[in-house]
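See below for the structure under consideration.
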Amino acid sequence: MSCIPPEGSVLSGGCADSVGDDAVLGVVTVSDRASTGVYNDLSGPAILNFFDDAIESPWKALYRLVPDEQQQIADAIVELVDVHGCCLVVTTGGTGPAPRDVTPEATESVCSRMMPGYGEQMRAISLRYVPTAVLSRQTAGIRGSALVINLPGKPKSIRETFDEVFQSIPYCIQLAGGPYICTRQSVVKAFRPPADRREANVST
């Protein structure tokens with residue numbers, strides 16, 4: 001497992017005057033070839049760039065790169081949540097039907113409750129672009145007060161899905177007992193019922 005993010009990765013951001021709470025976020029890239037240096041990881045930085053674009057409240061991120069091994073994926077998720085206090089862990093890669101695609105199994109093994117609606121939404125979004133979206137087994141679940149969610153492995157697909165899916169993620173984390181995360185409304189309009197909203201600054 002590597003903890004060193006690719007050069008140029010954004011590992012913190014947000015605004016100090018946001019009404020949101022500080023948040024620790026985790027990114028886990030799952031790839032045999034990237035983990036052995038065959039090619040550079042582009043998917044993890046794509047997620048970090050999304051955080052930088054979309055999240056207004058203060059945040060910092062931790063990065064892990066692991067091969068397609070179920071136990072190593074599970075260990076990375078557990079470490080990020082239980083040791084480092086991540087309220088959101090986003091994985092990328094390993095969600096297809098190939099024999100070594102085991103990210104969903106690793107996610108399910110460390111979560112106490114599953115959130116299947118996220119996988120359903122991501123597949124519905126991806127079906128607008130490619131018919132092979134039905135082959136994805138992406139899922140999500142709750143560990144403690146953290147949300148763990150599986151994203152696709154390609155940077156383009158990450159933005160196609162995450163920009164929409166993230167609308168409900170801050171409220172999910174809030175309901176699970178995590179921090180109050182604010183988004184930049186010009187990028188992602190996070191939804192919360194009026195009774196659960198703080199007086200927020202509008203960022204453009």
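The way I read the labels, and the way they are meant: chains A, B, ... in the order of the structure tokens, residue 1 as the first residue of every chain, and ligand 1 as the first ligand shown, with later ones counted on from there.
Close contacts of Pro97 (chain A), defined as residues with an atom at most 9 Å away when counting only C-alpha atoms, with chain neighbours fewer than 3 positions off set aside, comprise Gly94, Arg100, Asp101, Val102, Leu135, Ser136 and Arg137 of chain A.
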Wanna dump the region 81-188 of chain A-region 38-60 of chain A contacts at 9 Å for me, each residue with its shortest atom pair and the distance in Å to one decimal, counting only C-alpha atoms, ordered by chain and number, as a Markdown table?
```
| residue | atom | partner | partner_atom | distance |
| --- | --- | --- | --- | --- |
| A:Val90 | CA | A:Ile47 | CA | 8.0 |
| A:Thr91 | CA | A:Gly44 | CA | 8.3 |
| A:Thr92 | CA | A:Ser43 | CA | 6.7 |
| A:Gly93 | CA | A:Ser43 | CA | 8.2 |
| A:Pro152 | CA | A:Ser43 | CA | 8.6 |
| A:Gly153 | CA | A:Ser43 | CA | 6.2 |
| A:Lys154 | CA | A:Ser43 | CA | 6.0 |
| A:Pro155 | CA | A:Ser43 | CA | 5.0 |
| A:Lys156 | CA | A:Ala46 | CA | 8.5 |
| A:Ile158 | CA | A:Ile47 | CA | 7.2 |
| A:Arg159 | CA | A:Phe50 | CA | 7.5 |
| A:Phe162 | CA | A:Phe50 | CA | 8.2 |
| A:Asp163 | CA | A:Phe50 | CA | 8.1 |
| A:Tyr180 | CA | A:Ser57 | CA | 8.4 |
| A:Ile181 | CA | A:Ser57 | CA | 5.9 |
| A:Cys182 | CA | A:Ser57 | CA | 5.2 |
| A:Thr183 | CA | A:Ile55 | CA | 4.3 |
| A:Arg184 | CA | A:Ala54 | CA | 5.3 |
| A:Gln185 | CA | A:Ala54 | CA | 7.9 |
| A:Ser186 | CA | A:Ala54 | CA | 8.3 |
| A:Val187 | CA | A:Ala54 | CA | 5.5 |
| A:Val188 | CA | A:Ala54 | CA | 6.1 |
```
Skip Val110 (chain A) itself and residues of its chain fewer than 4 positions away, then list as a list in words all residues within 10 Å of it, counting only C-alpha atoms. Ile73, Ala74, Asp75, Ile77, Val78, Glu105, Ala106, Gly141, Ile142, Arg143, Gly144 and Val148 of chain A
Could you save those same residues with N, CA and C atoms as a short mmCIF file (atom, residue, chain, number, x, y, z; two decimals), in the first residue's frame?
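Contents of out01.cif, freshly written:
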```
data_model
loop_
_atom_site.label_atom_id
_atom_site.label_comp_id
_atom_site.auth_asym_id
_atom_site.auth_seq_id
_atom_site.Cartn_x
_atom_site.Cartn_y
_atom_site.Cartn_z
N ILE A 73 -7.72 -3.71 0.43
CA ILE A 73 -8.73 -2.65 0.24
C ILE A 73 -9.49 -2.43 1.54
N ALA A 74 -9.92 -3.52 2.15
CA ALA A 74 -10.66 -3.42 3.41
C ALA A 74 -9.81 -2.77 4.50
N ASP A 75 -8.54 -3.17 4.59
CA ASP A 75 -7.65 -2.59 5.61
C ASP A 75 -7.48 -1.09 5.40
N ILE A 77 -9.62 1.01 4.03
CA ILE A 77 -10.86 1.69 4.45
C ILE A 77 -10.93 1.78 5.97
N VAL A 78 -10.66 0.68 6.65
CA VAL A 78 -10.72 0.66 8.11
C VAL A 78 -9.73 1.65 8.71
N GLU A 105 -16.90 -6.15 -2.59
CA GLU A 105 -16.83 -7.14 -1.51
C GLU A 105 -16.05 -6.60 -0.32
N ALA A 106 -14.95 -5.90 -0.59
CA ALA A 106 -14.17 -5.30 0.49
C ALA A 106 -14.98 -4.25 1.24
N GLY A 141 -21.66 2.16 1.67
CA GLY A 141 -22.08 1.69 2.98
C GLY A 141 -21.61 2.63 4.08
N ILE A 142 -22.10 2.35 5.28
CA ILE A 142 -21.78 3.15 6.46
C ILE A 142 -20.87 2.34 7.38
N ARG A 143 -19.77 2.94 7.77
CA ARG A 143 -18.92 2.38 8.83
C ARG A 143 -18.81 3.44 9.92
N GLY A 144 -19.34 3.15 11.09
CA GLY A 144 -19.36 4.14 12.15
C GLY A 144 -20.19 5.33 11.70
N VAL A 148 -18.73 5.20 2.99
CA VAL A 148 -17.76 4.62 2.06
C VAL A 148 -18.47 4.40 0.73
#
```
I need the residues in chain A that are helix (DSSP H, G or I) according to DSSP; give them as a compact mmCIF listing (two decimals) with N, CA and C atoms, in the first residue's frame.
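Done, and the output landed in part27.txt:
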```txt
# COMPACT_ATOMS: atom_id res chain seq x y z
N ASP A 32 -4.09 -2.94 -9.65
CA ASP A 32 -2.86 -3.73 -9.67
C ASP A 32 -1.75 -3.00 -10.40
N ARG A 33 -2.07 -2.46 -11.56
CA ARG A 33 -1.02 -1.86 -12.40
C ARG A 33 -0.51 -0.54 -11.84
N ALA A 34 -1.42 0.31 -11.35
CA ALA A 34 -0.95 1.57 -10.77
C ALA A 34 -0.13 1.32 -9.51
N SER A 35 -0.52 0.33 -8.72
CA SER A 35 0.19 0.06 -7.47
C SER A 35 1.57 -0.52 -7.69
N SER A 43 -6.94 8.48 -11.39
CA SER A 43 -8.28 8.47 -10.81
C SER A 43 -8.31 9.10 -9.42
N GLY A 44 -7.33 8.76 -8.58
CA GLY A 44 -7.28 9.37 -7.25
C GLY A 44 -7.18 10.89 -7.33
N PRO A 45 -6.25 11.44 -8.13
CA PRO A 45 -6.19 12.90 -8.28
C PRO A 45 -7.48 13.50 -8.83
N ALA A 46 -8.21 12.76 -9.67
CA ALA A 46 -9.49 13.28 -10.18
C ALA A 46 -10.49 13.47 -9.05
N ILE A 47 -10.48 12.56 -8.09
CA ILE A 47 -11.37 12.70 -6.93
C ILE A 47 -10.93 13.87 -6.07
N LEU A 48 -9.62 13.98 -5.84
CA LEU A 48 -9.10 15.11 -5.05
C LEU A 48 -9.41 16.44 -5.72
N ASN A 49 -9.32 16.50 -7.03
CA ASN A 49 -9.68 17.73 -7.75
C ASN A 49 -11.16 18.05 -7.61
N PHE A 50 -11.99 17.00 -7.59
CA PHE A 50 -13.41 17.24 -7.35
C PHE A 50 -13.63 17.86 -5.98
N PHE A 51 -12.98 17.31 -4.95
CA PHE A 51 -13.10 17.90 -3.61
C PHE A 51 -12.73 19.38 -3.64
N ASP A 52 -11.64 19.69 -4.32
CA ASP A 52 -11.16 21.07 -4.38
C ASP A 52 -12.17 21.97 -5.08
N ASP A 53 -12.80 21.47 -6.12
CA ASP A 53 -13.79 22.25 -6.87
C ASP A 53 -15.09 22.41 -6.08
N ALA A 54 -15.53 21.35 -5.41
CA ALA A 54 -16.91 21.28 -4.93
C ALA A 54 -17.12 21.60 -3.46
N GLN A 70 -8.68 -7.97 -1.85
CA GLN A 70 -9.80 -7.61 -0.98
C GLN A 70 -9.35 -7.19 0.41
N GLN A 71 -8.42 -7.94 1.01
CA GLN A 71 -8.03 -7.61 2.38
C GLN A 71 -7.31 -6.27 2.44
N GLN A 72 -6.47 -5.98 1.46
CA GLN A 72 -5.76 -4.70 1.47
C GLN A 72 -6.72 -3.52 1.26
N ILE A 73 -7.72 -3.71 0.43
CA ILE A 73 -8.73 -2.65 0.24
C ILE A 73 -9.49 -2.43 1.54
N ALA A 74 -9.92 -3.52 2.15
CA ALA A 74 -10.66 -3.42 3.41
C ALA A 74 -9.81 -2.77 4.50
N ASP A 75 -8.54 -3.17 4.59
CA ASP A 75 -7.65 -2.59 5.61
C ASP A 75 -7.48 -1.09 5.40
N ALA A 76 -7.38 -0.66 4.14
CA ALA A 76 -7.22 0.77 3.86
C ALA A 76 -8.45 1.55 4.31
N ILE A 77 -9.62 1.01 4.03
CA ILE A 77 -10.86 1.69 4.45
C ILE A 77 -10.93 1.78 5.97
N VAL A 78 -10.66 0.68 6.65
CA VAL A 78 -10.72 0.66 8.11
C VAL A 78 -9.73 1.65 8.71
N GLU A 79 -8.50 1.67 8.18
CA GLU A 79 -7.50 2.60 8.69
C GLU A 79 -7.95 4.05 8.53
N LEU A 80 -8.46 4.39 7.36
CA LEU A 80 -8.86 5.78 7.11
C LEU A 80 -10.01 6.22 8.01
N VAL A 81 -10.95 5.31 8.26
CA VAL A 81 -12.10 5.67 9.10
C VAL A 81 -11.74 5.59 10.59
N ASP A 82 -11.22 4.46 11.01
CA ASP A 82 -11.05 4.20 12.44
C ASP A 82 -9.83 4.90 13.04
N VAL A 83 -8.75 5.02 12.27
CA VAL A 83 -7.52 5.60 12.80
C VAL A 83 -7.45 7.10 12.52
N THR A 103 -13.56 -4.68 -5.10
CA THR A 103 -13.80 -3.52 -4.24
C THR A 103 -15.17 -3.56 -3.55
N PRO A 104 -16.26 -3.93 -4.25
CA PRO A 104 -17.56 -4.00 -3.55
C PRO A 104 -17.54 -5.00 -2.39
N GLU A 105 -16.90 -6.15 -2.59
CA GLU A 105 -16.83 -7.14 -1.51
C GLU A 105 -16.05 -6.60 -0.32
N ALA A 106 -14.95 -5.90 -0.59
CA ALA A 106 -14.17 -5.30 0.49
C ALA A 106 -14.98 -4.25 1.24
N THR A 107 -15.73 -3.46 0.49
CA THR A 107 -16.56 -2.42 1.11
C THR A 107 -17.63 -3.03 2.00
N GLU A 108 -18.32 -4.02 1.49
CA GLU A 108 -19.37 -4.67 2.27
C GLU A 108 -18.82 -5.33 3.53
N SER A 109 -17.60 -5.84 3.46
CA SER A 109 -17.04 -6.56 4.60
C SER A 109 -16.73 -5.65 5.78
N VAL A 110 -16.60 -4.34 5.55
CA VAL A 110 -16.23 -3.44 6.65
C VAL A 110 -17.33 -2.44 6.98
N PRO A 116 -27.49 0.96 -0.90
CA PRO A 116 -27.53 0.54 -2.31
C PRO A 116 -28.01 1.60 -3.28
N GLY A 117 -28.70 2.61 -2.78
CA GLY A 117 -29.19 3.66 -3.66
C GLY A 117 -28.09 4.38 -4.42
N TYR A 118 -26.90 4.47 -3.81
CA TYR A 118 -25.80 5.15 -4.50
C TYR A 118 -25.34 4.37 -5.73
N GLY A 119 -25.23 3.08 -5.60
CA GLY A 119 -24.87 2.27 -6.76
C GLY A 119 -25.91 2.35 -7.86
N GLU A 120 -27.18 2.32 -7.47
CA GLU A 120 -28.27 2.43 -8.44
C GLU A 120 -28.21 3.76 -9.18
N GLN A 121 -27.97 4.84 -8.42
CA GLN A 121 -27.90 6.16 -9.06
C GLN A 121 -26.71 6.26 -10.01
N MET A 122 -25.55 5.75 -9.60
CA MET A 122 -24.37 5.85 -10.46
C MET A 122 -24.55 5.05 -11.74
N ARG A 123 -25.15 3.87 -11.65
CA ARG A 123 -25.38 3.09 -12.86
C ARG A 123 -26.36 3.79 -13.78
N ALA A 124 -27.39 4.41 -13.21
CA ALA A 124 -28.37 5.14 -14.02
C ALA A 124 -27.70 6.30 -14.75
N ILE A 125 -26.82 7.01 -14.06
CA ILE A 125 -26.11 8.13 -14.69
C ILE A 125 -25.22 7.61 -15.81
N SER A 126 -24.44 6.58 -15.53
CA SER A 126 -23.49 6.06 -16.52
C SER A 126 -24.18 5.47 -17.75
N PRO A 131 -23.60 1.62 -22.63
CA PRO A 131 -24.47 0.52 -22.23
C PRO A 131 -23.82 -0.44 -21.25
N THR A 132 -22.48 -0.42 -21.18
CA THR A 132 -21.78 -1.32 -20.27
C THR A 132 -21.83 -0.87 -18.81
N ALA A 133 -22.53 0.22 -18.53
CA ALA A 133 -22.69 0.66 -17.14
C ALA A 133 -23.36 -0.41 -16.29
N VAL A 134 -24.14 -1.28 -16.91
CA VAL A 134 -24.83 -2.34 -16.14
C VAL A 134 -23.83 -3.34 -15.57
N LEU A 135 -22.59 -3.34 -16.07
CA LEU A 135 -21.59 -4.27 -15.57
C LEU A 135 -20.95 -3.80 -14.27
N PRO A 155 -11.16 8.65 -14.84
CA PRO A 155 -11.39 10.04 -14.42
C PRO A 155 -12.63 10.68 -15.04
N LYS A 156 -12.86 10.46 -16.34
CA LYS A 156 -14.03 11.04 -16.99
C LYS A 156 -15.32 10.53 -16.36
N SER A 157 -15.37 9.23 -16.08
CA SER A 157 -16.56 8.65 -15.46
C SER A 157 -16.74 9.12 -14.03
N ILE A 158 -15.63 9.39 -13.35
CA ILE A 158 -15.72 9.88 -11.97
C ILE A 158 -16.48 11.20 -11.94
N ARG A 159 -16.12 12.14 -12.81
CA ARG A 159 -16.80 13.44 -12.80
C ARG A 159 -18.24 13.33 -13.32
N GLU A 160 -18.47 12.46 -14.29
CA GLU A 160 -19.83 12.29 -14.81
C GLU A 160 -20.79 11.84 -13.71
N THR A 161 -20.31 10.98 -12.81
CA THR A 161 -21.19 10.45 -11.77
C THR A 161 -21.13 11.26 -10.47
N PHE A 162 -19.92 11.64 -10.04
CA PHE A 162 -19.77 12.24 -8.71
C PHE A 162 -20.43 13.61 -8.62
N ASP A 163 -20.43 14.37 -9.72
CA ASP A 163 -21.05 15.69 -9.68
C ASP A 163 -22.53 15.60 -9.30
N GLU A 164 -23.20 14.53 -9.73
CA GLU A 164 -24.61 14.36 -9.39
C GLU A 164 -24.79 13.64 -8.05
N VAL A 165 -24.04 12.57 -7.86
CA VAL A 165 -24.20 11.76 -6.66
C VAL A 165 -23.88 12.55 -5.40
N ILE A 169 -24.60 13.43 -0.58
CA ILE A 169 -23.56 12.91 0.31
C ILE A 169 -23.36 13.74 1.58
N PRO A 170 -23.30 15.08 1.51
CA PRO A 170 -23.14 15.83 2.77
C PRO A 170 -24.25 15.55 3.79
N TYR A 171 -25.49 15.42 3.31
CA TYR A 171 -26.58 15.15 4.25
C TYR A 171 -26.51 13.73 4.79
N CYS A 172 -26.09 12.78 3.95
CA CYS A 172 -25.91 11.41 4.41
C CYS A 172 -24.88 11.36 5.54
N ILE A 173 -23.76 12.05 5.35
CA ILE A 173 -22.72 12.08 6.38
C ILE A 173 -23.24 12.75 7.65
N GLN A 174 -24.00 13.82 7.49
CA GLN A 174 -24.58 14.51 8.64
C GLN A 174 -25.52 13.59 9.42
N LEU A 175 -26.38 12.85 8.71
CA LEU A 175 -27.32 11.95 9.37
C LEU A 175 -26.60 10.80 10.08
N PRO A 194 -34.96 21.92 4.84
CA PRO A 194 -34.75 23.24 5.46
C PRO A 194 -34.43 23.19 6.94
N ALA A 195 -35.04 22.27 7.68
CA ALA A 195 -34.82 22.21 9.13
C ALA A 195 -33.40 21.79 9.49
N ASP A 196 -32.69 21.19 8.55
CA ASP A 196 -31.34 20.69 8.83
C ASP A 196 -30.26 21.57 8.21
```
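Take the candidates A:Val66, A:Ala140, A:Cys15, A:Val89 and check each one against Val30 (chain A) using only C-alpha atoms; the shortest distance goes to A:Val66.
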Separation of CA of Ala61 (chain A) from CA of Leu11 (chain A) in Å: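 Straight-line distance from CA of Leu11 (chain A) to CA of Ala61 (chain A) works out to 5.0 Å.
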Assign secondary structure with DSSP using the backbone only, and return the residues of chain A in strand (DSSP E or B) as a PyMOL selection string. chain A and resi 2+12-13+23-30+55+59-66+88-92+113-114+140-143+146-151+183
Please, what distance in Å, to one decimal, runs between CA of Ile4 (chain A) and CA of Thr36 (chain A)?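 Separating CA of Ile4 (chain A) from CA of Thr36 (chain A) is a distance of 13.3 Å.
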Between CA of Pro6 (chain A) and CA of Pro99 (chain A), what is the distance in Å, rounded to a tenth? 27.2 Å
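With only C-alpha atoms as the basis for measurement, A:Val27 is the residue among A:Val27, A:Cys111, A:Leu151, A:Leu88 that approaches Cys3 (chain A) most closely.
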Looking at only C-alpha atoms, which of A:Leu62, A:His84, A:Thr95, A:Ile149 is the one that sits closest to Ser9 (chain A)?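 Of A:Leu62, A:His84, A:Thr95, A:Ile149, the one nearest Ser9 (chain A) is A:Leu62, counting only C-alpha atoms.
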